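Trainee: My structure file my_file18.cif, mmCIF, C-alpha atoms, is below:
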data_target
#
loop_
_atom_site.label_atom_id
_atom_site.label_comp_id
_atom_site.auth_asym_id
_atom_site.auth_seq_id
_atom_site.Cartn_x
_atom_site.Cartn_y
_atom_site.Cartn_z
CA MET A 1 91.78 136.22 86.67
CA SER A 2 95.41 136.76 87.71
CA PHE A 3 98.32 135.76 85.47
CA LEU A 4 99.49 133.08 87.92
CA LYS A 5 96.05 131.51 88.20
CA LYS A 6 95.48 131.58 84.43
CA TYR A 7 98.81 129.99 83.57
CA SER A 8 99.41 128.00 86.76
CA SER A 9 99.26 124.63 84.99
CA ILE A 10 101.85 125.70 82.40
CA ILE A 11 104.09 127.09 85.14
CA LEU A 12 103.76 123.89 87.19
CA THR A 13 104.54 121.81 84.10
CA PHE A 14 107.64 123.86 83.29
CA VAL A 15 108.88 123.74 86.90
CA SER A 16 108.31 119.98 86.99
CA VAL A 17 110.31 119.47 83.78
CA VAL A 18 113.22 121.46 85.25
CA LEU A 19 113.08 119.52 88.52
CA TYR A 20 112.93 116.16 86.71
CA PHE A 21 115.90 117.19 84.57
CA LEU A 22 117.90 118.08 87.68
CA PHE A 23 116.90 114.78 89.26
CA ALA A 24 117.84 112.76 86.18
CA TYR A 25 121.19 114.33 85.29
CA THR A 26 122.68 116.13 88.29
CA ILE A 27 122.13 114.07 91.41
CA GLU A 28 123.50 110.94 93.09
CA ARG A 29 121.67 108.91 95.70
CA THR A 30 124.38 109.79 98.25
CA GLU A 31 123.26 113.44 98.10
CA PHE A 32 120.31 112.98 100.41
CA ASN A 33 119.56 116.66 101.10
CA LYS A 34 119.34 117.49 97.38
CA LEU A 35 117.38 114.31 96.79
CA LEU A 36 114.86 115.20 99.49
CA PHE A 37 114.44 118.78 98.23
CA LEU A 38 113.79 117.74 94.62
CA TRP A 39 111.48 114.89 95.69
CA ILE A 40 109.29 117.10 97.91
CA SER A 41 109.23 119.86 95.29
CA LEU A 42 108.07 117.43 92.59
CA PHE A 43 105.34 116.08 94.85
CA ALA A 44 104.18 119.63 95.57
CA CYS A 45 103.79 120.19 91.81
CA TYR A 46 102.09 116.80 91.44
CA PHE A 47 99.48 117.54 94.10
CA ALA A 48 98.88 121.01 92.66
CA LEU A 49 98.31 119.57 89.16
CA LEU A 50 95.91 116.94 90.50
CA ARG A 51 93.90 119.61 92.32
CA ASP A 52 93.38 121.64 89.14
CA LYS A 53 89.94 120.43 88.04
CA GLU A 54 90.09 122.41 84.79
CA LEU A 55 92.96 120.40 83.30
CA SER A 56 91.81 118.08 80.56
CA PHE A 57 92.48 114.35 80.50
CA ALA A 58 94.53 114.80 77.31
CA TYR A 59 96.71 117.49 78.90
CA LEU A 60 97.47 115.30 81.90
CA VAL A 61 98.35 112.38 79.61
CA GLY A 62 100.63 114.65 77.59
CA ILE A 63 102.62 115.92 80.55
CA ALA A 64 102.85 112.42 82.05
CA VAL A 65 104.58 111.24 78.87
CA LEU A 66 106.68 114.44 78.70
CA PHE A 67 107.99 113.96 82.24
CA ARG A 68 109.04 110.42 81.39
CA PHE A 69 110.92 111.49 78.29
CA VAL A 70 113.03 113.87 80.38
CA PHE A 71 114.79 110.71 81.64
CA PHE A 72 115.26 109.25 78.16
CA PHE A 73 119.07 109.34 78.02
CA ALA A 74 119.73 109.42 81.77
CA THR A 75 121.68 106.70 83.56
CA PRO A 76 119.69 105.43 86.58
CA ASN A 77 121.02 107.13 89.69
CA LEU A 78 119.07 105.52 92.55
CA SER A 79 119.62 101.85 91.71
CA GLN A 80 122.33 99.57 90.30
CA ASP A 81 119.96 96.76 89.30
CA PHE A 82 119.90 97.74 85.64
CA TYR A 83 123.47 96.48 85.21
CA ARG A 84 122.26 92.98 86.09
CA PHE A 85 119.34 93.38 83.69
CA ILE A 86 121.78 94.12 80.88
CA TRP A 87 124.02 91.23 81.94
CA ASP A 88 121.14 88.72 81.89
CA GLY A 89 119.89 89.92 78.50
CA ARG A 90 123.30 89.63 76.90
CA MET A 91 123.80 86.18 78.42
CA ILE A 92 120.62 84.98 76.68
CA LEU A 93 121.72 86.64 73.43
CA GLU A 94 124.94 84.61 73.62
CA GLY A 95 122.94 81.40 74.13
CA LEU A 96 123.73 81.11 77.85
CA ASN A 97 121.10 80.40 80.52
CA PRO A 98 121.22 83.30 83.04
CA TYR A 99 119.67 81.11 85.76
CA LEU A 100 122.66 78.78 85.79
CA TYR A 101 125.67 81.11 86.03
CA LEU A 102 126.99 83.61 88.57
CA PRO A 103 128.53 86.78 87.15
CA GLN A 104 131.10 86.55 89.92
CA THR A 105 132.37 83.18 88.62
CA PHE A 106 133.07 84.55 85.15
CA ILE A 107 134.92 87.58 86.53
CA GLU A 108 137.04 85.50 88.92
CA GLN A 109 138.01 83.19 86.05
CA GLN A 110 138.68 86.19 83.78
CA ASN A 111 136.22 84.67 81.36
CA TYR A 112 134.11 87.40 79.80
CA PRO A 113 131.13 85.83 78.00
CA ILE A 114 129.42 89.08 77.01
CA ASN A 115 130.33 92.56 75.85
CA GLN A 116 131.33 94.99 78.63
CA ALA A 117 131.28 92.18 81.20
CA LYS A 118 133.74 93.89 83.56
CA GLU A 119 131.90 97.20 83.46
CA LEU A 120 128.56 95.52 84.09
CA TYR A 121 129.91 93.49 87.01
CA GLU A 122 131.48 96.55 88.61
CA GLY A 123 128.18 98.40 88.14
CA MET A 124 125.95 95.73 89.65
CA GLY A 125 128.29 95.22 92.63
CA VAL A 126 129.60 92.14 94.40
CA LEU A 127 126.33 91.45 96.25
CA ASN A 128 124.26 91.29 93.08
CA GLY A 129 126.93 89.46 91.12
CA SER A 130 127.32 86.74 93.75
CA HIS A 131 123.79 85.30 93.55
CA TYR A 132 121.76 83.73 90.77
CA THR A 133 119.28 85.86 88.89
CA ASN A 134 115.73 85.89 90.27
CA TYR A 135 114.02 87.68 87.38
CA PRO A 136 111.22 85.61 85.76
CA PRO A 137 111.04 84.80 82.02
CA ILE A 138 109.06 87.75 80.60
CA ASN A 139 111.34 90.10 82.52
CA GLN A 140 114.25 88.24 80.91
CA LEU A 141 112.59 88.77 77.53
CA CYS A 142 112.70 92.54 78.14
CA PHE A 143 116.40 92.25 78.95
CA LEU A 144 116.95 90.22 75.78
CA ILE A 145 115.23 92.89 73.66
CA ALA A 146 117.60 95.48 75.12
CA ALA A 147 120.57 93.22 74.36
CA PHE A 148 119.38 92.62 70.79
CA PHE A 149 119.16 96.32 69.98
CA ALA A 150 122.18 97.48 72.02
CA LYS A 151 124.64 94.67 72.71
CA ASN A 152 127.65 97.01 72.78
CA SER A 153 126.28 100.03 74.63
CA ILE A 154 125.15 100.32 78.24
CA ILE A 155 123.31 103.59 77.66
CA GLY A 156 121.75 102.10 74.51
CA SER A 157 120.42 99.19 76.57
CA VAL A 158 119.10 101.66 79.14
CA VAL A 159 117.19 103.56 76.44
CA VAL A 160 115.61 100.38 75.04
CA MET A 161 114.48 99.20 78.49
CA ARG A 162 113.14 102.65 79.25
CA VAL A 163 111.04 102.61 76.08
CA LEU A 164 109.54 99.27 77.15
CA ILE A 165 108.68 100.66 80.59
CA ILE A 166 107.11 103.82 79.13
CA LEU A 167 105.03 101.70 76.73
CA ALA A 168 103.89 99.56 79.68
CA ASP A 169 102.80 102.66 81.58
CA ILE A 170 100.82 103.79 78.53
CA GLY A 171 99.18 100.35 78.56
CA ILE A 172 98.34 100.80 82.26
CA LEU A 173 96.82 104.18 81.42
CA TYR A 174 94.68 102.63 78.66
CA PHE A 175 93.33 99.62 80.55
CA GLY A 176 93.25 101.47 83.88
CA LYS A 177 90.97 104.12 82.38
CA LYS A 178 88.70 101.48 80.86
CA LEU A 179 88.49 99.61 84.17
CA LEU A 180 87.69 102.82 86.06
CA GLU A 181 84.88 103.49 83.58
CA ARG A 182 83.54 99.96 84.05
CA LEU A 183 83.63 100.35 87.83
CA GLN A 184 81.96 103.77 87.56
CA LEU A 185 84.86 105.52 89.28
CA PRO A 186 86.44 108.87 88.28
CA VAL A 187 88.74 108.22 85.31
CA LYS A 188 91.20 110.86 86.53
CA ASN A 189 92.04 108.53 89.43
CA ILE A 190 94.53 106.92 87.05
CA PHE A 191 96.76 109.99 87.38
CA LEU A 192 97.37 109.14 91.03
CA TYR A 193 99.67 106.54 89.46
CA ILE A 194 100.61 107.90 86.02
CA LEU A 195 101.63 111.39 87.19
CA ASN A 196 103.15 110.33 90.51
CA PRO A 197 106.81 111.48 90.77
CA PHE A 198 107.67 108.26 92.60
CA VAL A 199 106.48 106.25 89.59
CA ILE A 200 108.27 108.45 87.08
CA ILE A 201 111.57 108.49 89.00
CA GLU A 202 111.72 104.96 90.42
CA LEU A 203 110.26 103.09 87.46
CA THR A 204 110.94 105.08 84.29
CA GLY A 205 114.05 106.74 85.68
CA ASN A 206 115.60 103.80 87.51
CA LEU A 207 114.35 101.01 85.26
CA HIS A 208 112.39 98.87 87.67
CA PHE A 209 110.03 96.70 85.65
CA GLU A 210 106.95 97.01 87.86
CA PRO A 211 105.08 98.80 85.01
CA VAL A 212 105.35 95.72 82.78
CA MET A 213 104.06 93.52 85.61
CA LEU A 214 101.27 95.98 86.43
CA PHE A 215 100.28 96.35 82.77
CA PHE A 216 99.47 92.64 82.64
CA LEU A 217 97.85 92.73 86.10
CA VAL A 218 95.50 95.64 85.30
CA TRP A 219 94.68 94.11 81.91
CA SER A 220 93.95 90.81 83.67
CA ILE A 221 91.60 92.42 86.22
CA TYR A 222 89.83 94.33 83.44
CA THR A 223 89.42 91.13 81.42
CA LEU A 224 88.17 89.22 84.47
CA HIS A 225 85.63 91.98 85.12
CA LYS A 226 84.34 91.33 81.59
CA GLN A 227 83.91 87.62 82.54
CA LYS A 228 86.73 86.49 80.21
CA TRP A 229 88.40 84.34 82.85
CA PHE A 230 90.61 82.25 80.50
CA LEU A 231 92.33 85.31 79.01
CA ALA A 232 92.50 86.84 82.49
CA ALA A 233 94.37 83.76 83.74
CA ILE A 234 96.92 83.96 80.91
CA LEU A 235 97.46 87.67 81.55
CA LEU A 236 97.86 87.07 85.29
CA ALA A 237 100.49 84.43 84.49
CA CYS A 238 102.26 86.99 82.29
CA SER A 239 102.25 89.39 85.24
CA VAL A 240 103.77 86.75 87.53
CA SER A 241 106.34 86.01 84.83
CA VAL A 242 107.61 89.58 85.15
CA LYS A 243 107.58 89.77 88.96
CA LEU A 244 106.42 87.01 91.30
CA ILE A 245 104.38 89.22 93.60
CA PRO A 246 100.94 88.65 91.91
CA LEU A 247 101.15 85.01 93.05
CA LEU A 248 100.07 86.42 96.40
CA PHE A 249 96.65 87.26 94.95
CA LEU A 250 95.71 83.76 93.77
CA PRO A 251 93.73 82.67 96.88
CA LEU A 252 91.62 85.84 96.70
CA PHE A 253 89.87 84.69 93.50
CA PHE A 254 88.05 81.94 95.40
CA GLN A 255 84.87 83.90 96.14
CA TRP A 256 84.87 85.65 92.77
CA PHE A 257 84.50 82.29 91.03
CA VAL A 258 82.73 80.09 93.57
CA LYS A 259 80.16 82.54 94.94
CA ASN A 260 79.44 84.29 91.64
CA ASN A 261 78.04 81.13 90.07
CA PHE A 262 74.56 79.69 90.58
CA SER A 263 76.10 76.23 90.80
CA LEU A 264 78.75 75.62 93.43
CA LEU A 265 80.21 72.80 91.34
CA LYS A 266 80.42 75.06 88.30
CA GLY A 267 82.19 77.70 90.37
CA PHE A 268 84.80 75.26 91.70
CA LYS A 269 85.34 73.90 88.19
CA LYS A 270 85.97 77.40 86.79
CA LEU A 271 88.29 78.21 89.69
CA ALA A 272 90.28 75.01 89.11
CA PHE A 273 90.62 75.78 85.39
CA PHE A 274 91.64 79.36 86.23
CA TYR A 275 94.38 78.22 88.62
CA GLY A 276 95.46 75.48 86.23
CA THR A 277 95.76 77.94 83.34
CA VAL A 278 97.85 80.33 85.45
CA VAL A 279 100.22 77.61 86.65
CA LEU A 280 100.56 75.93 83.24
CA THR A 281 101.28 79.25 81.51
CA ILE A 282 103.98 80.11 84.03
CA VAL A 283 105.56 76.67 83.58
CA LEU A 284 105.55 77.12 79.80
CA PHE A 285 107.32 80.47 80.15
CA PHE A 286 110.04 78.88 82.30
CA LEU A 287 110.36 75.84 80.02
CA PRO A 288 112.98 77.33 77.63
CA PHE A 289 115.27 77.87 80.64
CA TYR A 290 114.71 74.48 82.24
CA SER A 291 117.61 72.46 83.62
CA PRO A 292 117.99 70.31 86.76
CA GLU A 293 119.71 73.21 88.53
CA LEU A 294 117.10 75.85 87.64
CA ILE A 295 114.70 75.22 90.52
CA SER A 296 117.36 75.06 93.24
CA ASN A 297 119.23 78.13 91.95
CA TYR A 298 116.05 80.15 91.57
CA THR A 299 114.49 79.23 94.92
CA ASN A 300 117.77 79.86 96.74
CA SER A 301 118.04 83.30 95.17
CA VAL A 302 114.43 84.20 96.03
CA GLY A 303 114.95 82.85 99.55
CA LEU A 304 117.68 85.41 100.19
CA TRP A 305 114.98 88.10 100.43
CA PHE A 306 113.54 86.32 103.48
CA LYS A 307 116.72 85.07 105.20
CA ASN A 308 119.52 87.53 104.43
CA PHE A 309 118.44 90.93 103.13
CA GLU A 310 117.19 93.81 105.28
CA PHE A 311 116.10 97.25 104.12
CA ASN A 312 113.43 99.78 105.08
CA ALA A 313 111.46 97.22 107.07
CA SER A 314 108.66 97.99 109.48
CA PHE A 315 107.43 95.44 112.03
CA TYR A 316 110.37 93.19 111.20
CA TYR A 317 112.77 95.75 112.68
CA LEU A 318 110.75 95.74 115.90
CA ALA A 319 110.89 91.93 115.99
CA ARG A 320 114.62 92.07 115.28
CA GLU A 321 115.21 94.39 118.23
CA ILE A 322 113.22 92.06 120.50
CA GLY A 323 115.43 89.23 119.25
CA TYR A 324 118.56 91.20 120.08
CA LEU A 325 117.16 91.93 123.54
CA PHE A 326 116.41 88.32 124.45
CA ARG A 327 118.81 86.30 122.28
CA GLY A 328 121.66 88.74 121.68
CA TYR A 329 121.83 88.27 117.90
CA ASN A 330 119.87 88.85 114.69
CA GLU A 331 116.95 86.41 114.34
CA ILE A 332 116.33 87.06 110.63
CA ALA A 333 116.63 83.35 109.79
CA ILE A 334 113.72 82.55 112.12
CA ILE A 335 111.65 85.69 111.55
CA GLY A 336 112.08 85.32 107.79
CA LYS A 337 110.35 81.93 107.99
CA ILE A 338 107.50 83.26 110.13
CA ILE A 339 106.63 86.15 107.77
CA PRO A 340 105.34 83.91 104.93
CA ILE A 341 103.24 81.95 107.44
CA LEU A 342 101.66 85.14 108.78
CA THR A 343 101.01 86.34 105.22
CA VAL A 344 99.32 83.07 104.26
CA CYS A 345 97.13 83.21 107.40
CA PHE A 346 96.06 86.77 106.57
CA LEU A 347 95.38 85.76 102.96
CA LEU A 348 93.15 82.92 104.14
CA ILE A 349 91.21 85.32 106.36
CA LEU A 350 90.65 87.66 103.39
CA THR A 351 89.78 84.71 101.16
CA PHE A 352 87.09 83.14 103.34
CA PHE A 353 85.86 85.87 105.69
CA LYS A 354 85.87 89.05 103.57
CA LYS A 355 83.50 89.64 100.68
CA ASN A 356 85.43 89.37 97.40
CA LYS A 357 82.56 88.70 95.01
CA SER A 358 82.74 91.98 93.06
CA THR A 359 85.74 93.39 91.20
CA LYS A 360 85.90 96.36 93.56
CA GLN A 361 85.91 94.08 96.61
CA LEU A 362 88.55 91.87 95.01
CA ILE A 363 90.87 94.82 94.36
CA VAL A 364 90.48 96.09 97.93
CA SER A 365 91.45 92.63 99.22
CA MET A 366 94.48 92.62 96.90
CA LEU A 367 95.49 96.02 98.25
CA PHE A 368 95.34 94.95 101.89
CA ALA A 369 96.86 91.51 101.29
CA LEU A 370 99.93 93.03 99.69
CA SER A 371 100.06 95.83 102.27
CA PHE A 372 100.13 93.25 105.08
CA TYR A 373 103.02 91.45 103.42
CA TYR A 374 104.96 94.70 102.91
CA PHE A 375 104.35 95.82 106.50
CA PHE A 376 106.02 92.64 107.79
CA THR A 377 108.66 91.95 105.15
CA THR A 378 112.40 92.12 105.88
CA THR A 379 113.12 94.07 102.69
CA MET A 380 110.91 96.90 101.48
CA HIS A 381 112.52 98.57 98.48
CA PRO A 382 110.76 101.80 97.47
CA TRP A 383 109.70 100.60 94.01
CA TYR A 384 107.59 97.83 95.57
CA ILE A 385 105.00 100.49 96.45
CA ALA A 386 104.03 100.80 92.77
CA THR A 387 101.70 97.80 93.01
CA LEU A 388 99.89 99.27 96.02
CA LEU A 389 99.65 102.57 94.18
CA ILE A 390 97.93 101.18 91.09
CA LEU A 391 95.56 99.04 93.16
CA SER A 392 94.60 102.05 95.28
CA VAL A 393 93.52 103.89 92.12
CA PHE A 394 90.46 101.59 92.00
CA THR A 395 89.62 102.08 95.69
CA GLN A 396 88.97 104.99 98.04
CA TYR A 397 92.16 104.38 100.02
CA ARG A 398 95.06 106.80 99.52
CA TYR A 399 97.71 105.67 102.01
CA ALA A 400 99.81 104.25 99.16
CA VAL A 401 100.03 107.76 97.66
CA LEU A 402 101.34 109.10 100.96
CA TRP A 403 103.79 106.19 101.25
CA SER A 404 105.13 107.00 97.77
CA LEU A 405 106.03 110.43 99.18
CA VAL A 406 107.56 109.49 102.54
CA VAL A 407 109.46 106.45 101.24
CA ILE A 408 112.21 108.84 100.15
CA LEU A 409 113.33 108.85 103.80
CA SER A 410 114.69 105.34 103.27
CA TYR A 411 117.31 106.74 100.89
CA GLN A 412 119.05 108.47 103.77
CA ALA A 413 120.90 105.16 104.20
CA TYR A 414 122.95 105.87 101.06
CA ALA A 415 124.21 109.18 102.44
CA ASN A 416 126.48 107.10 104.68
CA SER A 417 129.64 105.38 103.44
CA PRO A 418 129.34 102.44 103.65
CA TRP A 419 125.57 102.66 103.51
CA LYS A 420 123.78 102.36 106.84
CA GLU A 421 120.17 102.96 107.76
CA ASN A 422 119.22 105.60 110.29
CA LEU A 423 116.31 103.97 112.08
CA TRP A 424 114.93 107.34 113.16
CA PHE A 425 114.22 108.15 109.51
CA ILE A 426 112.61 104.73 109.02
CA ALA A 427 110.54 105.24 112.16
CA LEU A 428 109.36 108.64 110.87
CA GLU A 429 108.38 107.12 107.52
CA TYR A 430 106.21 104.45 109.11
CA LEU A 431 104.82 106.73 111.82
CA VAL A 432 103.43 109.03 109.11
CA LEU A 433 102.18 106.09 107.05
CA TYR A 434 100.46 104.21 109.88
CA SER A 435 98.93 107.39 111.29
CA PHE A 436 97.35 108.16 107.93
CA LEU A 437 96.24 104.54 107.49
CA PHE A 438 94.63 104.59 110.94
CA TRP A 439 92.80 107.78 109.95
CA GLU A 440 91.55 106.24 106.71
CA LEU A 441 90.36 103.06 108.39
CA ASN A 442 88.89 104.44 111.60
CA ILE A 443 88.07 108.10 111.16
CA LYS A 444 87.57 108.85 107.48
CA LYS A 445 85.95 105.42 106.99
CA PRO A 446 85.67 105.16 103.17
CA THR A 447 82.49 103.68 101.77
CA GLN A 448 82.79 99.91 101.82
CA TYR A 449 82.36 98.14 98.49
#
Mind turning the file's structure into structure tokens?
Mentor:
Amino acid sequence: MSFLKKYSSIILTFVSVVLYFLFAYTIERTEFNKLLFLWISLFACYFALLRDKELSFAYLVGIAVLFRFVFFFATPNLSQDFYRFIWDGRMILEGLNPYLYLPQTFIEQQNYPINQAKELYEGMGVLNGSHYTNYPPINQLCFLIAAFFAKNSIIGSVVVMRVLIILADIGILYFGKKLLERLQLPVKNIFLYILNPFVIIELTGNLHFEPVMLFFLVWSIYTLHKQKWFLAAILLACSVSVKLIPLLFLPLFFQWFVKNNFSLLKGFKKLAFFYGTVVLTIVLFFLPFYSPELISNYTNSVGLWFKNFEFNASFYYLAREIGYLFRGYNEIAIIGKIIPILTVCFLLILTFFKKNKSTKQLIVSMLFALSFYYFFTTTMHPWYIATLLILSVFTQYRYAVLWSLVVILSYQAYANSPWKENLWFIALEYLVLYSFLFWELNIKKPTQY
């Protein structure tokens, strides 16, 4: 056995640590060429590690944690959102409701309600600071924890939030492995998510809280698989209370409850209690923040993602160009209203016409429901892919893994000042993705659950 073959895993681990260090501490998102080189190099190491069948589960867990700790003291370099996270947490610590106040208003009035207010506002940017927060209550709790332990230090807050995200990923690893065992799938599938450079960089490195949402979601699915529907409902509500996206999955539980019971009436009753528990739990989480303005502020902020924001979109960009051709201006206000309608129609098709009686079938439906929404959305930030990635772990579909690689092309927009998307890069990203998806659906044809 050659030296390289014998010690290849150690070499790949060392190279990955060096590359992650360079990514964390030496690069800005405006440096697209360097960004692309490091990203592709890390994915090459990732695929090589996954292909090594001799590596133990414990070794893979160890390096997954090691890679995350490389970012421990790094300031996020691909996103500015963490400044708003810190702002919201410190607002709560000062007894102020973050859903009721605009950062911009405080700055314009030279009224600084929290420590480092000016620095945080400059960091988050005018766009972020000019709209109300749209982060749900458990996400706000994470921000509050960071504020409690580091109310005077931005980097201290970053470290605290990063610890929470790493702990959530460890939770995903734990329950994901147990669910894979229950579903009689290879337990090493979990490393498609845990070791993925996209996950490590975008989530641990850039402090997007998808891991906390996904921790509750995976735990909920695992609990539901064990027939503990009441706990599963509470956990699903916790997931929604970190990020709203799991609300999309609610209709898909219809068959799981109704058709898995000998009595139709019993099935509908369980389903109603499940939905009621989810909704009531979410309401209880929002209750401490309640005020007459909460609902209008929150819905207006969420609505911006459908009516104002555009980034890395797919079919929406095609529809936008058609609008320009026939109407002469951007039709986002109209198209943004159509997208939710299309998504609901697709959800209803999956709910009533696709088999969702088993846990495997349910997860596949979740994967394609969310994929449909992302394919048509006006704003597709890279970190959104994390949910597709963890769901794909429990299926035979791997297009989300490929998307986690090619999504880096969207960052070419930040190489321009001011930032501007190059639609050729976006077209290349989706051409690769849809080609692979077509191959998986029509040529490879995975075994249907």
Trainee: Given the file above and the PyMOL selection byres ((chain A and resi 141) around 12), which residues are selected, and can you give them as a PyMOL selection string?
Mentor: chain A and resi 85-86+88-93+98+135-140+142-148+161+164+209+212+238+241-242+285-286+288-289
Trainee: Output the residue selection produced by the PyMOL selection byres ((chain A and resi 259) around 12) on the file above, formatted as a PyMOL selection string.
Mentor: chain A and resi 253-258+260-268+270-271+351-352+355-358
Trainee: Produce a file of the selected residues containing C-alpha atoms, as a short mmCIF file (atom, residue, chain, number, x, y, z; two decimals), in the coordinates of the input.
Mentor:
data_model
loop_
_atom_site.label_atom_id
_atom_site.label_comp_id
_atom_site.auth_asym_id
_atom_site.auth_seq_id
_atom_site.Cartn_x
_atom_site.Cartn_y
_atom_site.Cartn_z
CA PHE A 253 89.87 84.69 93.50
CA PHE A 254 88.05 81.94 95.40
CA GLN A 255 84.87 83.90 96.14
CA TRP A 256 84.87 85.65 92.77
CA PHE A 257 84.50 82.29 91.03
CA VAL A 258 82.73 80.09 93.57
CA ASN A 260 79.44 84.29 91.64
CA ASN A 261 78.04 81.13 90.07
CA PHE A 262 74.56 79.69 90.58
CA SER A 263 76.10 76.23 90.80
CA LEU A 264 78.75 75.62 93.43
CA LEU A 265 80.21 72.80 91.34
CA LYS A 266 80.42 75.06 88.30
CA GLY A 267 82.19 77.70 90.37
CA PHE A 268 84.80 75.26 91.70
CA LYS A 270 85.97 77.40 86.79
CA LEU A 271 88.29 78.21 89.69
CA THR A 351 89.78 84.71 101.16
CA PHE A 352 87.09 83.14 103.34
CA LYS A 355 83.50 89.64 100.68
CA ASN A 356 85.43 89.37 97.40
CA LYS A 357 82.56 88.70 95.01
CA SER A 358 82.74 91.98 93.06
#
Trainee: From the list A:Leu22, A:Cys345, A:Val393, A:Leu78, which residue is nearest Leu173 (chain A) when using only C-alpha atoms?
Mentor: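 Selected residue with least distance to Leu173 (chain A): A:Val393.
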Trainee: Quick one: pull the distance between CA of Phe249 (chain A) and CA of Gln227 (chain A), Å, one decimal.
Mentor: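 Distance reported for this atom pair: 17.8 Å.
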Trainee: Rank A:Leu350, A:Val61, A:Leu192, A:Leu409 by their smallest atom-to-atom distance to Pro382 (chain A), using only C-alpha atoms, and report the top residue only.
Mentor: A:Leu409
Trainee: Ranking A:Gln184, A:Asn416, A:Thr387, A:Thr378 by minimum distance to His208 (chain A) and counting all atoms listed in the file, which one comes first?
Mentor: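 Going through A:Gln184, A:Asn416, A:Thr387, A:Thr378 one by one, the smallest distance to His208 (chain A) is for A:Thr387.
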Trainee: Carefully work through the PyMOL selection byres ((chain A and resi 392) around 10) for this structure and note down the residues it includes, as number ranges by chain.
Mentor: A: 189-190, 192-193, 363-364, 366-368, 386-391, 393-401
Trainee: Excluding Ser16 (chain A) and its own-chain neighbours fewer than 2 positions away, which residues fall within 10 Å of it when counting only C-alpha atoms? Please give them as a list of chain:residue names.
Mentor: A:Ile10, A:Ile11, A:Leu12, A:Thr13, A:Phe14, A:Val18, A:Leu19, A:Tyr20, A:Phe21, A:Leu22, A:Leu38, A:Ser41, A:Leu42, A:Phe43, A:Ala44, A:Cys45, A:Tyr46, A:Ile63, A:Phe67, A:Pro197
Trainee: Please, could you write that set of residues out with C-alpha atoms as a short mmCIF file (atom, residue, chain, number, x, y, z; two decimals), in the frame of the given file?
Mentor:
data_model
loop_
_atom_site.label_atom_id
_atom_site.label_comp_id
_atom_site.auth_asym_id
_atom_site.auth_seq_id
_atom_site.Cartn_x
_atom_site.Cartn_y
_atom_site.Cartn_z
CA ILE A 10 101.85 125.70 82.40
CA ILE A 11 104.09 127.09 85.14
CA LEU A 12 103.76 123.89 87.19
CA THR A 13 104.54 121.81 84.10
CA PHE A 14 107.64 123.86 83.29
CA VAL A 18 113.22 121.46 85.25
CA LEU A 19 113.08 119.52 88.52
CA TYR A 20 112.93 116.16 86.71
CA PHE A 21 115.90 117.19 84.57
CA LEU A 22 117.90 118.08 87.68
CA LEU A 38 113.79 117.74 94.62
CA SER A 41 109.23 119.86 95.29
CA LEU A 42 108.07 117.43 92.59
CA PHE A 43 105.34 116.08 94.85
CA ALA A 44 104.18 119.63 95.57
CA CYS A 45 103.79 120.19 91.81
CA TYR A 46 102.09 116.80 91.44
CA ILE A 63 102.62 115.92 80.55
CA PHE A 67 107.99 113.96 82.24
CA PRO A 197 106.81 111.48 90.77
#
Trainee: When you draw a straight line from CA of Leu248 (chain A) to CA of Lys354 (chain A), how long is it in Å?
Mentor: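 Value for the CA of Leu248 (chain A)-CA of Lys354 (chain A) distance: 16.1 Å.
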Trainee: Go ahead and compute the interatomic distance for CA of Phe216 (chain A) and CA of Val278 (chain A), in Å to one decimal.
Mentor: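 CA of Phe216 (chain A) sits 12.7 Å away from CA of Val278 (chain A).
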